[in-house]
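Novice: So that you have it, the file is input-v3.cif, and it contains mmCIF, N, CA and C atoms:
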data_work
loop_
_atom_site.label_atom_id
_atom_site.label_comp_id
_atom_site.auth_asym_id
_atom_site.auth_seq_id
_atom_site.Cartn_x
_atom_site.Cartn_y
_atom_site.Cartn_z
N MET A 1 -12.89 7.01 49.97
CA MET A 1 -12.83 6.33 48.70
C MET A 1 -11.43 6.48 48.13
N LYS A 2 -10.87 5.35 47.65
CA LYS A 2 -9.53 5.38 47.09
C LYS A 2 -9.59 5.80 45.62
N THR A 3 -8.57 6.50 45.18
CA THR A 3 -8.46 6.85 43.75
C THR A 3 -7.29 6.08 43.15
N LEU A 4 -7.40 5.81 41.89
CA LEU A 4 -6.33 5.09 41.19
C LEU A 4 -5.23 6.06 40.82
N SER A 5 -4.01 5.57 40.90
CA SER A 5 -2.87 6.45 40.58
C SER A 5 -2.83 6.76 39.09
N PRO A 6 -2.35 7.94 38.73
CA PRO A 6 -2.23 8.31 37.32
C PRO A 6 -1.33 7.36 36.54
N VAL A 7 -0.29 6.84 37.18
CA VAL A 7 0.62 5.89 36.50
C VAL A 7 -0.13 4.61 36.15
N PHE A 8 -0.90 4.10 37.11
CA PHE A 8 -1.68 2.89 36.86
C PHE A 8 -2.67 3.10 35.72
N LEU A 9 -3.37 4.23 35.73
CA LEU A 9 -4.32 4.53 34.67
C LEU A 9 -3.63 4.64 33.30
N THR A 10 -2.46 5.24 33.29
CA THR A 10 -1.70 5.37 32.04
C THR A 10 -1.32 3.99 31.50
N ILE A 11 -0.88 3.12 32.37
CA ILE A 11 -0.50 1.76 31.95
C ILE A 11 -1.71 1.01 31.42
N VAL A 12 -2.81 1.09 32.11
CA VAL A 12 -4.04 0.42 31.66
C VAL A 12 -4.47 0.96 30.29
N LEU A 13 -4.45 2.27 30.14
CA LEU A 13 -4.82 2.88 28.87
C LEU A 13 -3.90 2.43 27.75
N PHE A 14 -2.60 2.40 28.02
CA PHE A 14 -1.63 1.96 27.01
C PHE A 14 -1.93 0.55 26.53
N PHE A 15 -2.13 -0.39 27.47
CA PHE A 15 -2.38 -1.77 27.09
C PHE A 15 -3.74 -1.95 26.42
N THR A 16 -4.71 -1.16 26.81
CA THR A 16 -6.01 -1.22 26.16
C THR A 16 -5.90 -0.80 24.70
N VAL A 17 -5.20 0.27 24.44
CA VAL A 17 -5.03 0.77 23.08
C VAL A 17 -4.14 -0.17 22.28
N ALA A 18 -3.03 -0.61 22.88
CA ALA A 18 -2.08 -1.46 22.16
C ALA A 18 -2.67 -2.81 21.81
N CYS A 19 -3.43 -3.39 22.69
CA CYS A 19 -3.98 -4.72 22.45
C CYS A 19 -5.25 -4.68 21.62
N GLY A 20 -5.94 -3.57 21.63
CA GLY A 20 -7.21 -3.51 20.94
C GLY A 20 -7.14 -2.95 19.53
N SER A 21 -5.94 -2.56 19.07
CA SER A 21 -5.86 -1.99 17.74
C SER A 21 -4.89 -2.76 16.87
N LYS A 22 -5.18 -2.79 15.61
CA LYS A 22 -4.29 -3.41 14.65
C LYS A 22 -3.22 -2.40 14.27
N VAL A 23 -2.03 -2.90 13.98
CA VAL A 23 -0.99 -2.03 13.48
C VAL A 23 -1.22 -1.89 11.98
N GLU A 24 -1.62 -0.71 11.57
CA GLU A 24 -1.91 -0.46 10.16
C GLU A 24 -1.13 0.76 9.72
N SER A 25 -0.67 0.71 8.47
CA SER A 25 0.02 1.88 7.96
C SER A 25 -0.24 2.03 6.47
N GLN A 26 -0.20 3.25 6.05
CA GLN A 26 -0.29 3.57 4.64
C GLN A 26 0.78 4.62 4.39
N THR A 27 1.64 4.36 3.43
CA THR A 27 2.70 5.31 3.18
C THR A 27 2.72 5.71 1.71
N LEU A 28 3.16 6.93 1.48
CA LEU A 28 3.39 7.46 0.15
C LEU A 28 4.91 7.48 0.00
N ASP A 29 5.43 6.56 -0.82
CA ASP A 29 6.87 6.37 -0.95
C ASP A 29 7.44 7.04 -2.18
N SER A 30 8.60 7.67 -2.02
CA SER A 30 9.34 8.17 -3.18
C SER A 30 9.74 6.96 -4.03
N PRO A 31 10.07 7.17 -5.31
CA PRO A 31 10.51 6.03 -6.13
C PRO A 31 11.67 5.25 -5.49
N LYS A 32 12.64 5.97 -4.94
CA LYS A 32 13.80 5.31 -4.31
C LYS A 32 13.36 4.46 -3.12
N ASP A 33 12.51 5.00 -2.25
CA ASP A 33 12.03 4.25 -1.09
C ASP A 33 11.12 3.10 -1.49
N PHE A 34 10.30 3.32 -2.51
CA PHE A 34 9.41 2.28 -3.02
C PHE A 34 10.24 1.09 -3.49
N LYS A 35 11.28 1.36 -4.28
CA LYS A 35 12.15 0.30 -4.81
C LYS A 35 12.87 -0.41 -3.68
N ALA A 36 13.38 0.34 -2.72
CA ALA A 36 14.10 -0.26 -1.59
C ALA A 36 13.18 -1.21 -0.81
N PHE A 37 11.95 -0.78 -0.54
CA PHE A 37 11.01 -1.63 0.19
C PHE A 37 10.65 -2.85 -0.65
N LEU A 38 10.41 -2.64 -1.92
CA LEU A 38 10.08 -3.74 -2.84
C LEU A 38 11.20 -4.77 -2.87
N ASP A 39 12.44 -4.32 -2.94
CA ASP A 39 13.58 -5.23 -3.02
C ASP A 39 13.83 -5.98 -1.71
N ALA A 40 13.47 -5.38 -0.59
CA ALA A 40 13.80 -5.95 0.72
C ALA A 40 12.69 -6.79 1.34
N ASN A 41 11.50 -6.80 0.73
CA ASN A 41 10.36 -7.46 1.37
C ASN A 41 9.58 -8.33 0.40
N ASP A 42 8.85 -9.27 0.97
CA ASP A 42 7.93 -10.11 0.22
C ASP A 42 6.61 -9.35 0.17
N VAL A 43 6.28 -8.82 -1.01
CA VAL A 43 5.12 -7.93 -1.15
C VAL A 43 4.20 -8.40 -2.26
N GLN A 44 3.05 -7.74 -2.31
CA GLN A 44 2.09 -7.89 -3.41
C GLN A 44 2.14 -6.57 -4.17
N LEU A 45 2.67 -6.60 -5.39
CA LEU A 45 2.86 -5.39 -6.18
C LEU A 45 1.75 -5.30 -7.21
N ILE A 46 0.95 -4.24 -7.13
CA ILE A 46 -0.23 -4.09 -7.98
C ILE A 46 -0.11 -2.82 -8.83
N ASP A 47 -0.21 -3.00 -10.14
CA ASP A 47 -0.24 -1.91 -11.11
C ASP A 47 -1.71 -1.67 -11.42
N VAL A 48 -2.23 -0.49 -11.09
CA VAL A 48 -3.67 -0.24 -11.24
C VAL A 48 -4.00 0.50 -12.54
N ARG A 49 -3.05 0.52 -13.48
CA ARG A 49 -3.29 1.17 -14.77
C ARG A 49 -4.06 0.23 -15.71
N THR A 50 -4.43 0.76 -16.87
CA THR A 50 -5.11 -0.06 -17.88
C THR A 50 -4.10 -0.99 -18.55
N ALA A 51 -4.59 -2.02 -19.21
CA ALA A 51 -3.73 -2.96 -19.92
C ALA A 51 -2.90 -2.24 -20.99
N ASP A 52 -3.49 -1.28 -21.69
CA ASP A 52 -2.75 -0.53 -22.71
C ASP A 52 -1.58 0.23 -22.08
N GLU A 53 -1.78 0.83 -20.92
CA GLU A 53 -0.71 1.54 -20.23
C GLU A 53 0.40 0.57 -19.81
N VAL A 54 0.00 -0.59 -19.30
CA VAL A 54 0.97 -1.59 -18.85
C VAL A 54 1.84 -2.05 -20.02
N ASN A 55 1.26 -2.13 -21.21
CA ASN A 55 2.02 -2.56 -22.39
C ASN A 55 3.18 -1.63 -22.72
N ASN A 56 3.16 -0.41 -22.19
CA ASN A 56 4.25 0.54 -22.43
C ASN A 56 5.37 0.40 -21.40
N GLY A 57 5.24 -0.51 -20.46
CA GLY A 57 6.26 -0.75 -19.45
C GLY A 57 5.66 -0.83 -18.06
N TYR A 58 6.25 -1.67 -17.22
CA TYR A 58 5.75 -1.89 -15.87
C TYR A 58 6.92 -2.25 -14.96
N ILE A 59 6.70 -2.22 -13.67
CA ILE A 59 7.70 -2.60 -12.70
C ILE A 59 7.71 -4.11 -12.58
N ALA A 60 8.90 -4.70 -12.65
CA ALA A 60 9.04 -6.16 -12.60
C ALA A 60 8.31 -6.73 -11.38
N GLY A 61 7.54 -7.79 -11.61
CA GLY A 61 6.83 -8.47 -10.55
C GLY A 61 5.41 -7.97 -10.32
N ALA A 62 5.03 -6.90 -11.02
CA ALA A 62 3.69 -6.33 -10.82
C ALA A 62 2.60 -7.18 -11.47
N VAL A 63 1.44 -7.16 -10.84
CA VAL A 63 0.24 -7.78 -11.38
C VAL A 63 -0.71 -6.63 -11.70
N ASN A 64 -1.37 -6.71 -12.85
CA ASN A 64 -2.26 -5.63 -13.29
C ASN A 64 -3.68 -5.86 -12.81
N PHE A 65 -4.18 -4.92 -11.97
CA PHE A 65 -5.58 -4.86 -11.55
C PHE A 65 -6.08 -3.50 -12.02
N ASP A 66 -6.71 -3.42 -13.16
CA ASP A 66 -7.18 -2.15 -13.72
C ASP A 66 -8.15 -1.48 -12.75
N PHE A 67 -7.79 -0.29 -12.28
CA PHE A 67 -8.60 0.44 -11.31
C PHE A 67 -10.02 0.66 -11.81
N HIS A 68 -10.17 0.87 -13.10
CA HIS A 68 -11.49 1.13 -13.67
C HIS A 68 -12.20 -0.15 -14.14
N GLY A 69 -11.56 -1.30 -13.95
CA GLY A 69 -12.17 -2.57 -14.36
C GLY A 69 -13.34 -2.93 -13.46
N SER A 70 -14.32 -3.61 -14.03
CA SER A 70 -15.51 -3.98 -13.25
C SER A 70 -15.19 -4.99 -12.15
N ASP A 71 -14.07 -5.69 -12.27
CA ASP A 71 -13.71 -6.70 -11.28
C ASP A 71 -12.63 -6.23 -10.30
N PHE A 72 -12.35 -4.92 -10.28
CA PHE A 72 -11.25 -4.39 -9.45
C PHE A 72 -11.37 -4.79 -7.99
N GLU A 73 -12.49 -4.50 -7.36
CA GLU A 73 -12.65 -4.82 -5.94
C GLU A 73 -12.59 -6.31 -5.68
N ASN A 74 -13.17 -7.12 -6.54
CA ASN A 74 -13.10 -8.57 -6.38
C ASN A 74 -11.67 -9.06 -6.47
N ARG A 75 -10.88 -8.47 -7.33
CA ARG A 75 -9.47 -8.87 -7.45
C ARG A 75 -8.71 -8.47 -6.19
N LEU A 76 -9.03 -7.33 -5.61
CA LEU A 76 -8.37 -6.93 -4.37
C LEU A 76 -8.63 -7.94 -3.26
N LEU A 77 -9.81 -8.53 -3.26
CA LEU A 77 -10.17 -9.50 -2.24
C LEU A 77 -9.35 -10.78 -2.32
N THR A 78 -8.65 -11.01 -3.44
CA THR A 78 -7.80 -12.19 -3.58
C THR A 78 -6.44 -12.00 -2.90
N LEU A 79 -6.15 -10.78 -2.47
CA LEU A 79 -4.86 -10.47 -1.85
C LEU A 79 -4.86 -10.82 -0.37
N ASN A 80 -3.66 -11.05 0.17
CA ASN A 80 -3.47 -11.35 1.58
C ASN A 80 -3.44 -10.04 2.36
N LYS A 81 -4.37 -9.85 3.28
CA LYS A 81 -4.47 -8.60 4.04
C LYS A 81 -3.32 -8.38 5.01
N ASP A 82 -2.60 -9.45 5.35
CA ASP A 82 -1.50 -9.35 6.30
C ASP A 82 -0.14 -9.19 5.64
N LYS A 83 -0.10 -9.23 4.32
CA LYS A 83 1.15 -9.09 3.57
C LYS A 83 1.17 -7.70 2.93
N PRO A 84 2.31 -6.98 2.97
CA PRO A 84 2.33 -5.63 2.40
C PRO A 84 1.86 -5.59 0.94
N VAL A 85 1.07 -4.56 0.63
CA VAL A 85 0.60 -4.33 -0.73
C VAL A 85 1.22 -3.03 -1.21
N MET A 86 1.78 -3.05 -2.40
CA MET A 86 2.37 -1.86 -3.01
C MET A 86 1.59 -1.57 -4.28
N VAL A 87 1.15 -0.33 -4.45
CA VAL A 87 0.36 0.04 -5.61
C VAL A 87 0.98 1.22 -6.34
N TYR A 88 0.75 1.23 -7.64
CA TYR A 88 1.17 2.37 -8.45
C TYR A 88 0.30 2.49 -9.68
N CYS A 89 0.31 3.70 -10.25
CA CYS A 89 -0.40 3.96 -11.51
C CYS A 89 0.52 4.83 -12.35
N ALA A 90 -0.03 5.66 -13.21
CA ALA A 90 0.80 6.51 -14.06
C ALA A 90 1.40 7.68 -13.29
N ALA A 91 0.55 8.43 -12.59
CA ALA A 91 1.02 9.65 -11.92
C ALA A 91 0.69 9.72 -10.43
N GLY A 92 -0.12 8.81 -9.93
CA GLY A 92 -0.42 8.77 -8.50
C GLY A 92 -1.87 8.93 -8.10
N GLY A 93 -2.73 9.36 -9.01
CA GLY A 93 -4.13 9.57 -8.66
C GLY A 93 -4.90 8.29 -8.39
N ARG A 94 -4.85 7.37 -9.33
CA ARG A 94 -5.58 6.10 -9.16
C ARG A 94 -5.01 5.26 -8.03
N SER A 95 -3.68 5.26 -7.91
CA SER A 95 -3.08 4.44 -6.86
C SER A 95 -3.42 5.00 -5.47
N ALA A 96 -3.54 6.33 -5.35
CA ALA A 96 -3.94 6.92 -4.07
C ALA A 96 -5.35 6.45 -3.70
N LYS A 97 -6.24 6.43 -4.67
CA LYS A 97 -7.60 5.95 -4.42
C LYS A 97 -7.60 4.46 -4.11
N ALA A 98 -6.77 3.70 -4.82
CA ALA A 98 -6.67 2.25 -4.56
C ALA A 98 -6.12 2.00 -3.16
N ALA A 99 -5.11 2.79 -2.75
CA ALA A 99 -4.53 2.63 -1.42
C ALA A 99 -5.58 2.90 -0.34
N GLN A 100 -6.37 3.94 -0.53
CA GLN A 100 -7.45 4.24 0.43
C GLN A 100 -8.46 3.10 0.49
N LYS A 101 -8.80 2.56 -0.67
CA LYS A 101 -9.75 1.45 -0.73
C LYS A 101 -9.19 0.23 0.01
N LEU A 102 -7.91 -0.06 -0.21
CA LEU A 102 -7.27 -1.19 0.47
C LEU A 102 -7.29 -1.01 1.99
N LYS A 103 -6.98 0.20 2.46
CA LYS A 103 -7.01 0.47 3.89
C LYS A 103 -8.43 0.28 4.43
N GLY A 104 -9.41 0.75 3.67
CA GLY A 104 -10.80 0.60 4.09
C GLY A 104 -11.25 -0.86 4.14
N MET A 105 -10.58 -1.70 3.37
CA MET A 105 -10.90 -3.12 3.33
C MET A 105 -10.15 -3.91 4.40
N GLY A 106 -9.31 -3.22 5.17
CA GLY A 106 -8.61 -3.88 6.27
C GLY A 106 -7.20 -4.36 5.98
N PHE A 107 -6.61 -3.92 4.88
CA PHE A 107 -5.23 -4.31 4.60
C PHE A 107 -4.32 -3.60 5.59
N ARG A 108 -3.36 -4.33 6.14
CA ARG A 108 -2.53 -3.82 7.24
C ARG A 108 -1.45 -2.85 6.80
N GLU A 109 -0.82 -3.09 5.65
CA GLU A 109 0.28 -2.23 5.23
C GLU A 109 0.17 -1.98 3.73
N VAL A 110 0.02 -0.71 3.37
CA VAL A 110 -0.16 -0.33 1.98
C VAL A 110 0.86 0.76 1.63
N HIS A 111 1.57 0.56 0.54
CA HIS A 111 2.55 1.53 0.04
C HIS A 111 2.09 2.02 -1.33
N ASP A 112 2.11 3.33 -1.51
CA ASP A 112 1.71 3.97 -2.76
C ASP A 112 2.92 4.70 -3.33
N LEU A 113 3.20 4.49 -4.62
CA LEU A 113 4.34 5.12 -5.28
C LEU A 113 4.02 6.58 -5.60
N ASP A 114 4.70 7.50 -4.94
CA ASP A 114 4.50 8.93 -5.13
C ASP A 114 4.91 9.32 -6.55
N GLY A 115 3.96 9.86 -7.30
CA GLY A 115 4.24 10.28 -8.68
C GLY A 115 4.09 9.16 -9.69
N GLY A 116 3.73 7.97 -9.23
CA GLY A 116 3.47 6.85 -10.11
C GLY A 116 4.68 6.39 -10.92
N ILE A 117 4.38 5.63 -11.96
CA ILE A 117 5.45 5.08 -12.78
C ILE A 117 6.20 6.16 -13.54
N ASN A 118 5.54 7.32 -13.73
CA ASN A 118 6.24 8.44 -14.37
C ASN A 118 7.43 8.88 -13.50
N ALA A 119 7.22 9.01 -12.20
CA ALA A 119 8.30 9.39 -11.28
C ALA A 119 9.35 8.28 -11.21
N TRP A 120 8.90 7.04 -11.21
CA TRP A 120 9.81 5.88 -11.20
C TRP A 120 10.75 5.96 -12.41
N SER A 121 10.16 6.15 -13.56
CA SER A 121 10.94 6.23 -14.81
C SER A 121 11.87 7.44 -14.80
N ASN A 122 11.36 8.59 -14.35
CA ASN A 122 12.19 9.81 -14.28
C ASN A 122 13.36 9.66 -13.32
N ALA A 123 13.23 8.76 -12.34
CA ALA A 123 14.31 8.51 -11.39
C ALA A 123 15.33 7.52 -11.96
N GLY A 124 15.09 7.06 -13.19
CA GLY A 124 16.03 6.16 -13.85
C GLY A 124 15.91 4.71 -13.40
N LEU A 125 14.79 4.38 -12.78
CA LEU A 125 14.59 3.01 -12.29
C LEU A 125 14.07 2.13 -13.43
N PRO A 126 14.37 0.83 -13.38
CA PRO A 126 14.08 -0.06 -14.52
C PRO A 126 12.60 -0.40 -14.72
N LEU A 127 12.24 -0.55 -15.98
CA LEU A 127 10.91 -1.00 -16.37
C LEU A 127 11.05 -2.26 -17.23
N LYS A 128 10.04 -3.10 -17.17
CA LYS A 128 9.93 -4.27 -18.04
C LYS A 128 8.98 -3.92 -19.17
N ASN A 129 9.17 -4.57 -20.30
CA ASN A 129 8.25 -4.36 -21.44
C ASN A 129 7.56 -5.65 -21.81
#
Go ahead and render the structure in this file as structure tokens.

Specialist:
Amino acid sequence: MKTLSPVFLTIVLFFTVACGSKVESQTLDSPKDFKAFLDANDVQLIDVRTADEVNNGYIAGAVNFDFHGSDFENRLLTLNKDKPVMVYCAAGGRSAKAAQKLKGMGFREVHDLDGGINAWSNAGLPLKN
């Protein structure tokens, strides 16, 4: 009985894994890295804070999807799963949960702002009012 070579098996395994899996990533970005990615890419930027919090300042281009709103998950479903999604909140708790939810829903690339808008502001990055 013939046996298959280890090289052949490795190649078959590689192609099976590579072709059968989606490339998905979730990253926790520093404010500097978050801004750099935001500036360099066509993204969906989601502020998951409450409307009152947003009124105190937000990152330009953000859309507000209140994490605690009754329509939060339905609003997430309006997003393109193949286009990067960037999320942030005040300090990072809600956005971390939102990022996990997005990954669970099949979004391919999710970026979460480490430390939230507080870290963004402390880094001297611009806010809109």

Novice: Report as a VMD selection string the residues that result from applying the PyMOL selection byres (((chain A and resi 28-34 and name CA) around 9) and name CA) to the structure here.

Specialist: chain A and resid 26 to 27 35 to 39 86 96 110 to 117 119 to 121 123 125

Novice: Using Å and a single decimal, report how far atom N of Asn64 of chain A sits from atom N of Ala90 of chain A.

Specialist: 12.4 Å

Novice: How many Å lie between atom CA of Leu127 of chain A and atom C of Asp66 of chain A, rounded to one decimal?

Specialist: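 Atom CA of Leu127 of chain A sits 19.4 Å away from atom C of Asp66 of chain A.
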
Novice: So how far away is atom CA of Leu77 of chain A from atom N of Gly57 of chain A, in Å?

Specialist: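 Calculated distance between atom N of Gly57 of chain A and atom CA of Leu77 of chain A is 25.5 Å.
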
Novice: Please identify the alpha helix (DSSP H) residues within segment 38-67 of chain A (assignment by DSSP from backbone atoms) and present them as a PyMOL selection string.

Specialist: chain A and resi 38-40+51-54

Novice: Just the selected residues (N, CA and C atoms), exported as an mmCIF file, keeping the file's coordinate frame, please.

Specialist:
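The file below, result_31.cif, is the result:
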data_model
loop_
_atom_site.group_PDB
_atom_site.id
_atom_site.type_symbol
_atom_site.label_atom_id
_atom_site.label_comp_id
_atom_site.auth_asym_id
_atom_site.auth_seq_id
_atom_site.Cartn_x
_atom_site.Cartn_y
_atom_site.Cartn_z
ATOM 1 N N LEU A 38 10.410 -2.640 -1.920
ATOM 2 C CA LEU A 38 10.080 -3.740 -2.840
ATOM 3 C C LEU A 38 11.200 -4.770 -2.870
ATOM 4 N N ASP A 39 12.440 -4.320 -2.940
ATOM 5 C CA ASP A 39 13.580 -5.230 -3.020
ATOM 6 C C ASP A 39 13.830 -5.980 -1.710
ATOM 7 N N ALA A 40 13.470 -5.380 -0.590
ATOM 8 C CA ALA A 40 13.800 -5.950 0.720
ATOM 9 C C ALA A 40 12.690 -6.790 1.340
ATOM 10 N N ALA A 51 -4.590 -2.020 -19.210
ATOM 11 C CA ALA A 51 -3.730 -2.960 -19.920
ATOM 12 C C ALA A 51 -2.900 -2.240 -20.990
ATOM 13 N N ASP A 52 -3.490 -1.280 -21.690
ATOM 14 C CA ASP A 52 -2.750 -0.530 -22.710
ATOM 15 C C ASP A 52 -1.580 0.230 -22.080
ATOM 16 N N GLU A 53 -1.780 0.830 -20.920
ATOM 17 C CA GLU A 53 -0.710 1.540 -20.230
ATOM 18 C C GLU A 53 0.400 0.570 -19.810
ATOM 19 N N VAL A 54 0.000 -0.590 -19.300
ATOM 20 C CA VAL A 54 0.970 -1.590 -18.850
ATOM 21 C C VAL A 54 1.840 -2.050 -20.020
#

Novice: Place a sphere of radius 6 Å on (2.8, -10.2, -1.1) in the file coordinates and name every protein, DNA or RNA residue with an atom inside or on its surface, counting only N, CA and C atoms; give the answer as a ChimeraX atom specification.

Specialist: /A:42-45,83-84

Novice: Check chain A with DSSP on the backbone and list each residue it calls strand (DSSP E), as a list in words.

Specialist: Ser25, Gln26, Thr27, Leu28, Asp29, Gln44, Leu45, Ile46, Asp47, Val63, Asn64, Val85, Met86, Val87, Tyr88, Glu109, Val110, His111, Asp112 and Leu113 of chain A

Novice: Find the spatial neighbours of Ala98 of chain A, counting only N, CA and C atoms, within a cut-off of 8 Å - ignore same-chain residues fewer than 5 positions away - and output them as a PyMOL selection string.

Specialist: chain A and resi 48+67+87+92-93+103-104

Novice: Written as a PyMOL selection string, what is the full residue list that the PyMOL selection byres (((chain A and resi 59 and name CA) around 7) and name CA) yields on the file shown?

Specialist: chain A and resi 58+60-62+127-128

Novice: How would you write, as a list in words, the residues chosen by the PyMOL selection byres (((chain A and resi 50 and name CA) around 12) and name CA) on this structure?

Specialist: Ile46, Asp47, Val48, Arg49, Ala51, Asp52, Glu53, Val54, Asn55, Asn56, Gly57, Tyr58, Val63, Asn64, Phe65, Asp66, Phe67, His68, Gly69, Phe72, Tyr88, Cys89, Ala90 and Arg94 of chain A

Novice: Using only C-alpha atoms for the distances, tell me which of A:Ala40, A:Leu76, A:Ala91, A:Val85 is nearest to Arg108 of chain A.

Specialist: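 Smallest separation from Arg108 of chain A among the options: A:Val85.
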